[in-house]
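Below: query16.pdb (PDB, C-alpha atoms)
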ATOM      1  CA  MET F 852     -29.170   6.014 129.346
ATOM      2  CA  LYS F 853     -27.355   8.066 126.760
ATOM      3  CA  ILE F 854     -25.477   6.581 123.835
ATOM      4  CA  LEU F 855     -22.104   7.788 125.133
ATOM      5  CA  ASP F 856     -22.699   5.929 128.393
ATOM      6  CA  ARG F 857     -23.274   2.678 126.475
ATOM      7  CA  VAL F 858     -20.626   2.886 123.763
ATOM      8  CA  PHE F 859     -17.844   5.257 124.483
ATOM      9  CA  ASN F 860     -14.588   3.554 123.923
ATOM     10  CA  PRO F 861     -13.038   5.596 121.110
ATOM     11  CA  ARG F 862     -10.665   2.784 120.142
ATOM     12  CA  GLU F 863     -13.607   0.376 119.793
ATOM     13  CA  ILE F 864     -15.591   2.892 117.740
ATOM     14  CA  ARG F 865     -12.595   3.498 115.475
ATOM     15  CA  ARG F 866     -12.000  -0.226 115.001
ATOM     16  CA  ARG F 867     -15.678  -0.887 114.212
ATOM     17  CA  LEU F 868     -15.462   1.767 111.520
ATOM     18  CA  GLY F 869     -12.273   0.231 110.114
ATOM     19  CA  LEU F 870     -10.266   3.455 110.323
ATOM     20  CA  ASN F 871      -6.702   4.035 111.401
ATOM     21  CA  GLN F 872      -6.009   6.648 114.091
ATOM     22  CA  GLU F 873      -5.100   9.404 111.663
ATOM     23  CA  GLN F 874      -8.236   8.914 109.537
ATOM     24  CA  PHE F 875     -10.488   8.727 112.595
ATOM     25  CA  TRP F 876      -9.146  11.608 114.668
ATOM     26  CA  THR F 877      -8.422  14.145 111.927
ATOM     27  CA  GLN F 878     -12.103  14.073 110.908
ATOM     28  CA  ILE F 879     -12.875  15.811 114.203
ATOM     29  CA  GLY F 880      -9.825  18.076 114.327
ATOM     30  CA  VAL F 881      -7.647  16.006 116.670
ATOM     31  CA  THR F 882      -4.102  14.976 115.829
ATOM     32  CA  GLN F 883      -3.229  11.295 115.609
ATOM     33  CA  SER F 884      -1.017  11.587 118.695
ATOM     34  CA  GLY F 885      -3.762  13.344 120.661
ATOM     35  CA  GLY F 886      -6.244  10.669 119.631
ATOM     36  CA  SER F 887      -3.813   7.977 120.694
ATOM     37  CA  ARG F 888      -3.669   9.527 124.154
ATOM     38  CA  TYR F 889      -7.480   9.576 124.374
ATOM     39  CA  GLU F 890      -7.603   5.937 123.318
ATOM     40  CA  SER F 891      -5.103   5.141 126.076
ATOM     41  CA  GLY F 892      -7.365   6.609 128.737
ATOM     42  CA  ARG F 893      -6.630  10.329 128.896
ATOM     43  CA  GLU F 894      -9.769  12.342 129.708
ATOM     44  CA  MET F 895     -11.384  13.798 126.591
ATOM     45  CA  PRO F 896     -12.749  17.355 126.709
ATOM     46  CA  ARG F 897     -16.516  17.483 126.280
ATOM     47  CA  PRO F 898     -16.363  19.229 122.860
ATOM     48  CA  VAL F 899     -14.153  16.425 121.536
ATOM     49  CA  LYS F 900     -16.560  13.805 122.935
ATOM     50  CA  GLU F 901     -19.490  15.558 121.281
ATOM     51  CA  LEU F 902     -17.716  15.835 117.928
ATOM     52  CA  LEU F 903     -16.751  12.165 118.128
ATOM     53  CA  ARG F 904     -20.369  11.247 118.858
ATOM     54  CA  LEU F 905     -21.794  13.374 116.053
ATOM     55  CA  VAL F 906     -19.274  12.447 113.360
ATOM     56  CA  HIS F 907     -18.421   8.825 114.141
ATOM     57  CA  VAL F 908     -21.354   7.450 116.144
ATOM     58  CA  GLU F 909     -24.278   9.361 114.652
ATOM     59  CA  GLN F 910     -22.580   9.557 111.219
ATOM     60  CA  ILE F 911     -23.573  13.209 110.754
ATOM     61  CA  ASP F 912     -21.869  15.206 108.020
ATOM     62  CA  LEU F 913     -21.302  18.448 109.934
ATOM     63  CA  SER F 914     -20.748  20.388 106.725
ATOM     64  CA  GLN F 915     -24.432  19.808 105.941
ATOM     65  CA  VAL F 916     -25.796  20.935 109.333
ATOM     66  CA  LYS F 917     -26.955  24.528 109.590
ATOM     67  CA  ARG F 918     -28.255  26.551 112.519
ATOM     68  CA  VAL F 919     -31.624  26.881 110.814
ATOM     69  CA  ASP F 920     -32.015  23.081 111.024
ATOM     70  CA  PHE F 921     -31.918  23.293 114.830
ATOM     71  CA  GLU F 922     -34.249  26.274 114.779
ATOM     72  CA  ILE F 923     -36.733  24.239 112.733
ATOM     73  CA  ILE F 924     -36.529  21.343 115.198
ATOM     74  CA  SER F 925     -37.106  23.678 118.124
ATOM     75  CA  TYR F 926     -39.991  25.382 116.354
ATOM     76  CA  LEU F 927     -41.650  22.038 115.564
ATOM     77  CA  LYS F 928     -41.251  20.829 119.143
ATOM     78  CA  GLU F 929     -42.731  24.014 120.599
ATOM     79  CA  SER F 930     -45.428  24.897 118.081
ATOM     80  CA  HIS F 931     -46.372  21.576 116.492
ATOM     81  CA  PRO F 932     -45.490  18.780 118.939
ATOM     82  CA  ASP F 933     -47.851  16.295 117.241
ATOM     83  CA  LEU F 934     -46.208  16.881 113.863
ATOM     84  CA  TYR F 935     -42.767  16.523 115.472
ATOM     85  CA  ARG F 936     -43.748  13.194 117.075
ATOM     86  CA  ASN F 937     -45.208  11.925 113.779
ATOM     87  CA  LEU F 938     -42.050  12.851 111.880
ATOM     88  CA  ARG F 939     -39.908  11.194 114.541
ATOM     89  CA  ARG F 940     -41.988   7.991 114.269
ATOM     90  CA  ALA F 941     -41.653   8.070 110.483
ATOM     91  CA  VAL F 942     -37.868   8.314 110.779
ATOM     92  CA  LYS F 943     -37.817   5.447 113.272
ATOM     93  CA  GLY F 944     -39.890   3.378 110.847
ATOM     94  CA  ARG F 945     -37.434   4.018 108.030
ATOM     95  CA  GLN F 946     -34.505   3.119 110.249
ATOM     96  CA  LYS F 947     -36.142  -0.135 111.317
ATOM     97  CA  GLN F 948     -36.182  -0.989 107.620
ATOM     98  CA  GLY F 949     -32.440  -0.254 107.529
ATOM     99  CA  VAL F 950     -32.674   3.077 105.703
ATOM    100  CA  GLY F 951     -30.324   5.689 107.163
ATOM    101  CA  ALA F 952     -29.610   4.015 110.506
ATOM    102  CA  ALA F 953     -26.485   5.120 112.363
ATOM    103  CA  PRO F 954     -24.130   2.195 113.073
ATOM    104  CA  PHE F 955     -24.188   2.671 116.865
ATOM    105  CA  ALA F 956     -27.838   3.690 117.342
ATOM    106  CA  ASP F 957     -29.977   1.940 119.915
ATOM    107  CA  GLU F 958     -32.516  -0.735 119.083
ATOM    108  CA  ASP F 959     -35.012   1.686 117.529
ATOM    109  CA  GLY F 960     -32.349   3.435 115.448
ATOM    110  CA  ILE F 961     -32.521   6.752 117.267
ATOM    111  CA  PRO F 962     -30.413   7.371 120.363
ATOM    112  CA  ASP F 963     -32.284   8.166 123.590
ATOM    113  CA  ASP F 964     -30.640  11.584 123.742
ATOM    114  CA  VAL F 965     -31.815  12.744 120.289
ATOM    115  CA  ASP F 966     -34.194  15.219 121.922
ATOM    116  CA  ASP F 967     -31.158  16.999 123.361
ATOM    117  CA  ALA F 968     -30.092  17.993 119.831
ATOM    118  CA  VAL F 969     -31.335  21.549 120.256
ATOM    119  CA  SER F 970     -28.823  23.490 122.277
ATOM    120  CA  PRO F 971     -30.373  25.604 125.043
ATOM    121  CA  GLU F 972     -27.893  28.377 124.274
ATOM    122  CA  VAL F 973     -29.312  28.917 120.792
ATOM    123  CA  PRO F 974     -32.109  31.483 120.943
ATOM    124  CA  VAL F 975     -34.999  30.510 118.734
ATOM    125  CA  THR F 976     -37.900  32.684 117.743
ATOM    126  CA  ASN F 977     -41.134  31.637 116.140
ATOM    127  CA  GLU F 978     -40.968  34.500 113.680
ATOM    128  CA  ILE F 979     -40.236  33.809 110.047
ATOM    129  CA  THR F 980     -37.862  36.290 108.484
ATOM    130  CA  PRO F 981     -38.354  37.035 104.783
ATOM    131  CA  ALA F 982     -35.383  36.009 102.646
ATOM    132  CA  ALA F 983     -34.718  39.634 101.667
ATOM    133  CA  ASP F 984     -34.142  40.569 105.334
ATOM    134  CA  ARG F 985     -31.520  37.862 105.972
TER     135      ARG F 985
END

How does this structure look as structure tokens?
Amino acid sequence: MKILDRVFNPREIRRRLGLNQEQFWTQIGVTQSGGSRYESGREMPRPVKELLRLVHVEQIDLSQVKRVDFEIISYLKESHPDLYRNLRRAVKGRQKQGVGAAPFADEDGIPDDVDDAVSPEVPVTNEITPAADR
């Protein structure tokens, strides 16, 4: 079960975070009035749902996320799956100790759908490009 299936009432998420509608919705590029409509039951477009999940549920600062981060994840999964699993376990261990856990994460601190973080549309190569060529 994915995190959005378990906890996806935007009004409840906003209230848990202690934010008013304007503070909550403008962080993901939605007007207060648009957010109010979503909270009242209007269907949310998938991109808005995903932004809400990333910013408010996962507590990810999108200004810090770069494409190369996803390329690194994909590379680790494909080329070094044991290292990827070990790093994932280490992160889970830290989160069990209360370090860096998202407020709506599941019991082990990492949502079940974390492996879906790498978008299939993003082409990833295993080649390393020298900094001078970028």

Contacts of Glu901 (chain F) at 10 Å or less, counting all atoms listed in the file, minus same-chain residues fewer than 6 places along, as a list of chain:residue names?
F:Leu855, F:Ile879, F:Met895, F:His907, F:Val908

Within 10 Å of region 897-900 of chain F, counting all atoms listed in the file, which residues qualify if same-chain residues fewer than 6 places away don't, as a VMD selection string?
chain F and resid 855 859 861 876 879 to 881 886 889

Between CA of Lys917 (chain F) and CA of Tyr935 (chain F), measure the distance and give it in Å to one decimal.
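Between these atoms lies a distance of 18.7 Å.
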
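For region 863-865 of chain F, the list of residues within 10 Å, based on all atoms listed in the file and with local chain neighbours fewer than 6 positions off taken out, reads F:Asn871, F:Gln872, F:Gln874, F:Phe875, F:Trp876, F:Glu890, F:Leu903, F:Arg904, F:His907, F:Val908, F:Pro954, F:Phe955.
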
Between CA of Ala941 (chain F) and CA of Arg867 (chain F), measure the distance and give it in Å to one decimal.
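Rounded to one decimal, the two atoms are 27.7 Å apart.
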
Please determine, counting only C-alpha atoms, which residue among F:Gln883, F:Gln878, F:Ser925, F:Glu894 has the shortest atom-to-atom distance to Asn860 (chain F).
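Closest residue, counting only C-alpha atoms: F:Glu894.
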
Suppose you want the space between CA of Ser891 (chain F) and CA of Leu870 (chain F); what is it in Å?
16.7 Å

Kindly add N, CA and C atoms to the incomplete region 868-891 of chain F and provide the output as an mmCIF file, keeping the file's coordinate frame.
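That gives us rebuild.cif:
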data_model
loop_
_atom_site.group_PDB
_atom_site.id
_atom_site.type_symbol
_atom_site.label_atom_id
_atom_site.label_comp_id
_atom_site.auth_asym_id
_atom_site.auth_seq_id
_atom_site.Cartn_x
_atom_site.Cartn_y
_atom_site.Cartn_z
ATOM 1 N N LEU F 868 -15.359 1.025 112.774
ATOM 2 C CA LEU F 868 -15.462 1.767 111.520
ATOM 3 C C LEU F 868 -14.350 1.405 110.535
ATOM 4 N N GLY F 869 -13.360 0.666 110.992
ATOM 5 C CA GLY F 869 -12.273 0.231 110.114
ATOM 6 C C GLY F 869 -11.327 1.351 109.719
ATOM 7 N N LEU F 870 -11.139 2.320 110.616
ATOM 8 C CA LEU F 870 -10.266 3.455 110.323
ATOM 9 C C LEU F 870 -8.988 3.379 111.147
ATOM 10 N N ASN F 871 -7.898 3.917 110.583
ATOM 11 C CA ASN F 871 -6.702 4.035 111.401
ATOM 12 C C ASN F 871 -6.821 5.309 112.244
ATOM 13 N N GLN F 872 -5.901 5.504 113.182
ATOM 14 C CA GLN F 872 -6.009 6.648 114.091
ATOM 15 C C GLN F 872 -6.011 7.981 113.354
ATOM 16 N N GLU F 873 -5.159 8.125 112.384
ATOM 17 C CA GLU F 873 -5.100 9.404 111.663
ATOM 18 C C GLU F 873 -6.415 9.696 110.941
ATOM 19 N N GLN F 874 -6.962 8.720 110.245
ATOM 20 C CA GLN F 874 -8.236 8.914 109.537
ATOM 21 C C GLN F 874 -9.361 9.275 110.514
ATOM 22 N N PHE F 875 -9.426 8.556 111.614
ATOM 23 C CA PHE F 875 -10.488 8.727 112.595
ATOM 24 C C PHE F 875 -10.415 10.089 113.287
ATOM 25 N N TRP F 876 -9.257 10.412 113.833
ATOM 26 C CA TRP F 876 -9.146 11.608 114.668
ATOM 27 C C TRP F 876 -9.094 12.901 113.870
ATOM 28 N N THR F 877 -8.497 12.893 112.693
ATOM 29 C CA THR F 877 -8.422 14.145 111.927
ATOM 30 C C THR F 877 -9.795 14.593 111.438
ATOM 31 N N GLN F 878 -10.750 13.681 111.318
ATOM 32 C CA GLN F 878 -12.103 14.073 110.908
ATOM 33 C C GLN F 878 -12.779 14.972 111.935
ATOM 34 N N ILE F 879 -12.287 14.943 113.173
ATOM 35 C CA ILE F 879 -12.875 15.811 114.203
ATOM 36 C C ILE F 879 -11.859 16.817 114.738
ATOM 37 N N GLY F 880 -10.779 17.032 113.987
ATOM 38 C CA GLY F 880 -9.825 18.076 114.327
ATOM 39 C C GLY F 880 -8.843 17.732 115.427
ATOM 40 N N VAL F 881 -8.599 16.449 115.645
ATOM 41 C CA VAL F 881 -7.647 16.006 116.670
ATOM 42 C C VAL F 881 -6.475 15.346 115.956
ATOM 43 N N THR F 882 -5.268 15.614 116.435
ATOM 44 C CA THR F 882 -4.102 14.976 115.829
ATOM 45 C C THR F 882 -4.094 13.496 116.151
ATOM 46 N N GLN F 883 -3.346 12.734 115.371
ATOM 47 C CA GLN F 883 -3.229 11.295 115.609
ATOM 48 C C GLN F 883 -2.652 11.051 116.995
ATOM 49 N N SER F 884 -1.632 11.812 117.384
ATOM 50 C CA SER F 884 -1.017 11.587 118.695
ATOM 51 C C SER F 884 -1.973 11.940 119.834
ATOM 52 N N GLY F 885 -2.756 12.999 119.657
ATOM 53 C CA GLY F 885 -3.762 13.344 120.661
ATOM 54 C C GLY F 885 -4.819 12.258 120.773
ATOM 55 N N GLY F 886 -5.265 11.751 119.636
ATOM 56 C CA GLY F 886 -6.244 10.669 119.631
ATOM 57 C C GLY F 886 -5.711 9.411 120.294
ATOM 58 N N SER F 887 -4.440 9.135 120.069
ATOM 59 C CA SER F 887 -3.813 7.977 120.694
ATOM 60 C C SER F 887 -3.846 8.107 122.214
ATOM 61 N N ARG F 888 -3.610 9.299 122.704
ATOM 62 C CA ARG F 888 -3.669 9.527 124.154
ATOM 63 C C ARG F 888 -5.089 9.315 124.682
ATOM 64 N N TYR F 889 -6.091 9.791 123.946
ATOM 65 C CA TYR F 889 -7.480 9.576 124.374
ATOM 66 C C TYR F 889 -7.817 8.087 124.381
ATOM 67 N N GLU F 890 -7.342 7.368 123.379
ATOM 68 C CA GLU F 890 -7.603 5.937 123.318
ATOM 69 C C GLU F 890 -6.909 5.183 124.447
ATOM 70 N N SER F 891 -5.841 5.772 124.975
ATOM 71 C CA SER F 891 -5.103 5.141 126.076
ATOM 72 C C SER F 891 -5.654 5.518 127.444
#
